[in-house]
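Data block below; observations after.
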Amino acid sequence: QVQLVESGGGLVQPGGSLRLSCAASRNIFSFNAMGWYRQAPGKQRELVARIPRGGGTNYADSVKGRFTISRDGAKNTVYLQMNSLKPEDTAVYYCNGDLGPLLAGYWGQGTQVTVSS
């Protein structure tokens with residue numbers, strides 16, 4: 001059973017920073033891509049950032065220039081550095097391991113990020 005364990009969430013003031021971590025129980029390069037999603041109350045889960053196996057990154061327009069996704073293959077860990085946080089970034093953030101369109105991927109349990117003064 002593959003496990004993805006997120007950490008690093010919390011309460012932060014607007015303009016502040018947080019770094020989320022997602023530790024995988026298997027080689028992160030065995031996934032087609034690793035991604036971060038978020039779900040705010042009453043809203044659908046949305047893609048925040050994604051890093052494919054072969055490199056490159058994708059970001060939601062709302063976080064471009066503020067968030068950075070990265071990975072450490074030696075630690076099987078994916079990170080999401082979040083800067084200049086805004087109240088609208090408040091959500092539960094989930095790590096995802098994508099296995100492609102024909103297979104169900106894996107999800108972490110989520111970590112709460114709250115941006116408030």
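Starting from 1 in every chain, residues are counted up; chains themselves are A, B, ... following the order of the structure tokens, and ligands are numbered from 1 as listed.
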**Request:** Mind checking which residues fall within 6 Å of segment 36-43 of chain A, counting only C-alpha atoms, ignoring those fewer than 3 positions away in the same chain, and posting them as a list in words?
**Result:**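 With the cut-off at 6 Å, the set is Glu46, Leu47, Val48, Ala49, Ala91, Val92, Tyr93, Tyr94 and Cys95 of chain A.
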Store the residues of this selection in a file with C-alpha atoms, as a PDB file, in the first residue's frame.
```pdb
ATOM      1  CA  GLU A  46      -8.302  22.097  -7.732  1.00  0.00           C
ATOM      2  CA  LEU A  47      -4.806  21.575  -9.048  1.00  0.00           C
ATOM      3  CA  VAL A  48      -2.245  23.915  -7.500  1.00  0.00           C
ATOM      4  CA  ALA A  49       1.048  22.658  -8.896  1.00  0.00           C
ATOM      5  CA  ALA A  91      -7.746  25.267   2.055  1.00  0.00           C
ATOM      6  CA  VAL A  92      -6.851  21.681   2.770  1.00  0.00           C
ATOM      7  CA  TYR A  93      -3.833  20.832   0.626  1.00  0.00           C
ATOM      8  CA  TYR A  94      -3.461  17.319  -0.744  1.00  0.00           C
ATOM      9  CA  CYS A  95      -0.503  15.541  -2.275  1.00  0.00           C
TER      10      CYS A  95
END
```
**Message:** Please return, as a count of residues only, all residues of chain A that DSSP assigns to helix (DSSP H, G or I) on the basis of the backbone.
**Reply:** 6
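Between atom CA of Gly105 of chain A and atom CA of Arg71 of chain A there is a distance of 18.0 Å.
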**Prompt:** Using only C-alpha atoms, which of the listed residues (A:Ala74, A:Ala24, A:Leu11, A:Leu85) sits closest to Gly108 of chain A?
**Reply:**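 Of all the options, A:Ala24 lies closest to Gly108 of chain A.
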**Request:** Please provide as a list in words all residues within 9 Å of Gly15 of chain A, with the sequence filter that same-chain residues fewer than 5 positions apart are discarded (counting only C-alpha atoms).
**Result:**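 Neighbouring residues, sequence-local ones excluded: Asn83, Ser84, Leu85, Lys86 and Val115 of chain A.
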**Prompt:** Using only C-alpha atoms, which of the listed residues (A:Pro101, A:Glu6, A:Arg53, A:Ser62) sits closest to Arg19 of chain A?
**Reply:**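 That would be A:Glu6, the residue with the smallest distance to Arg19 of chain A.
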**Fill in**
In Å and to one decimal, atom CA of Leu99 of chain A is distant from atom CA of Gly54 of chain A by 13.6 Å
**Among the residues A:Gln1, A:Lys64, A:Asn96, A:Pro52, the one that comes closest to Gly110 of chain A [using only C-alpha atoms]** =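 Distance minimum relative to Gly110 of chain A lands on A:Asn96.
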**Item:** Residue with smallest distance to Val63 of chain A - pool A:Gln13, A:Tyr79, A:Asp89, A:Ile28, counting only C-alpha atoms
**Value:** A:Asp89
**Message:** Would you pick out the contacts of Ser117 of chain A at 9 Å or less, using only C-alpha atoms, so that residues sharing its chain but fewer than 3 positions from it are not included, and give the list as a ChimeraX atom specification?
**Reply:** /A:12-14,87
Generate a file of the selected residues that holds all heavy atoms, formatted as a short mmCIF file (atom, residue, chain, number, x, y, z; two decimals), in the first residue's frame.
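Result saved to again_29.cif:
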```
data_model
loop_
_atom_site.label_atom_id
_atom_site.label_comp_id
_atom_site.auth_asym_id
_atom_site.auth_seq_id
_atom_site.Cartn_x
_atom_site.Cartn_y
_atom_site.Cartn_z
N VAL A 12 -1.08 31.04 9.20
CA VAL A 12 -0.08 32.04 8.84
C VAL A 12 -0.80 33.33 8.49
O VAL A 12 -1.94 33.32 8.01
CB VAL A 12 0.79 31.54 7.66
CG1 VAL A 12 -0.04 31.34 6.40
CG2 VAL A 12 1.96 32.46 7.40
N GLN A 13 -0.13 34.44 8.72
CA GLN A 13 -0.72 35.74 8.40
C GLN A 13 -0.61 36.02 6.90
O GLN A 13 0.31 35.50 6.23
CB GLN A 13 -0.03 36.84 9.19
CG GLN A 13 -0.31 36.79 10.68
CD GLN A 13 0.27 38.00 11.40
OE1 GLN A 13 1.13 38.70 10.90
NE2 GLN A 13 -0.23 38.25 12.60
N PRO A 14 -1.49 36.85 6.36
CA PRO A 14 -1.35 37.24 4.95
C PRO A 14 0.04 37.80 4.68
O PRO A 14 0.58 38.56 5.49
CB PRO A 14 -2.43 38.31 4.79
CG PRO A 14 -3.47 37.95 5.80
CD PRO A 14 -2.70 37.42 6.98
N PRO A 87 -5.48 35.25 1.97
CA PRO A 87 -6.60 34.54 2.61
C PRO A 87 -7.28 33.54 1.68
O PRO A 87 -7.74 32.49 2.14
CB PRO A 87 -7.53 35.68 2.99
CG PRO A 87 -6.63 36.85 3.22
CD PRO A 87 -5.55 36.70 2.18
#
```
**Asked** Which residues in segment 47-98 of chain A does DSSP call strand (DSSP E or B)? List them as number ranges by chain.
**Response** A: 47-52, 58-59, 67-72, 77-82, 91-98
**Between atom CA of Leu18 of chain A and atom CA of Met82 of chain A - distance in Å to one decimal** =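 Distance reported for this atom pair: 5.3 Å.
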**Message:** For Cys22 of chain A, find every residue with an atom within 6 Å (counting only C-alpha atoms), except residues of its own chain fewer than 6 positions away, and show them as a PyMOL selection string.
**Reply:** chain A and resi 5-6+77-78
**Message:** From the options A:Asn76, A:Asn32, A:Thr57, A:Thr114, which residue's atoms come nearest to Glu88 of chain A, counting only C-alpha atoms?
**Reply:**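 Going through A:Asn76, A:Asn32, A:Thr57, A:Thr114 one by one, the smallest distance to Glu88 of chain A is for A:Thr114.
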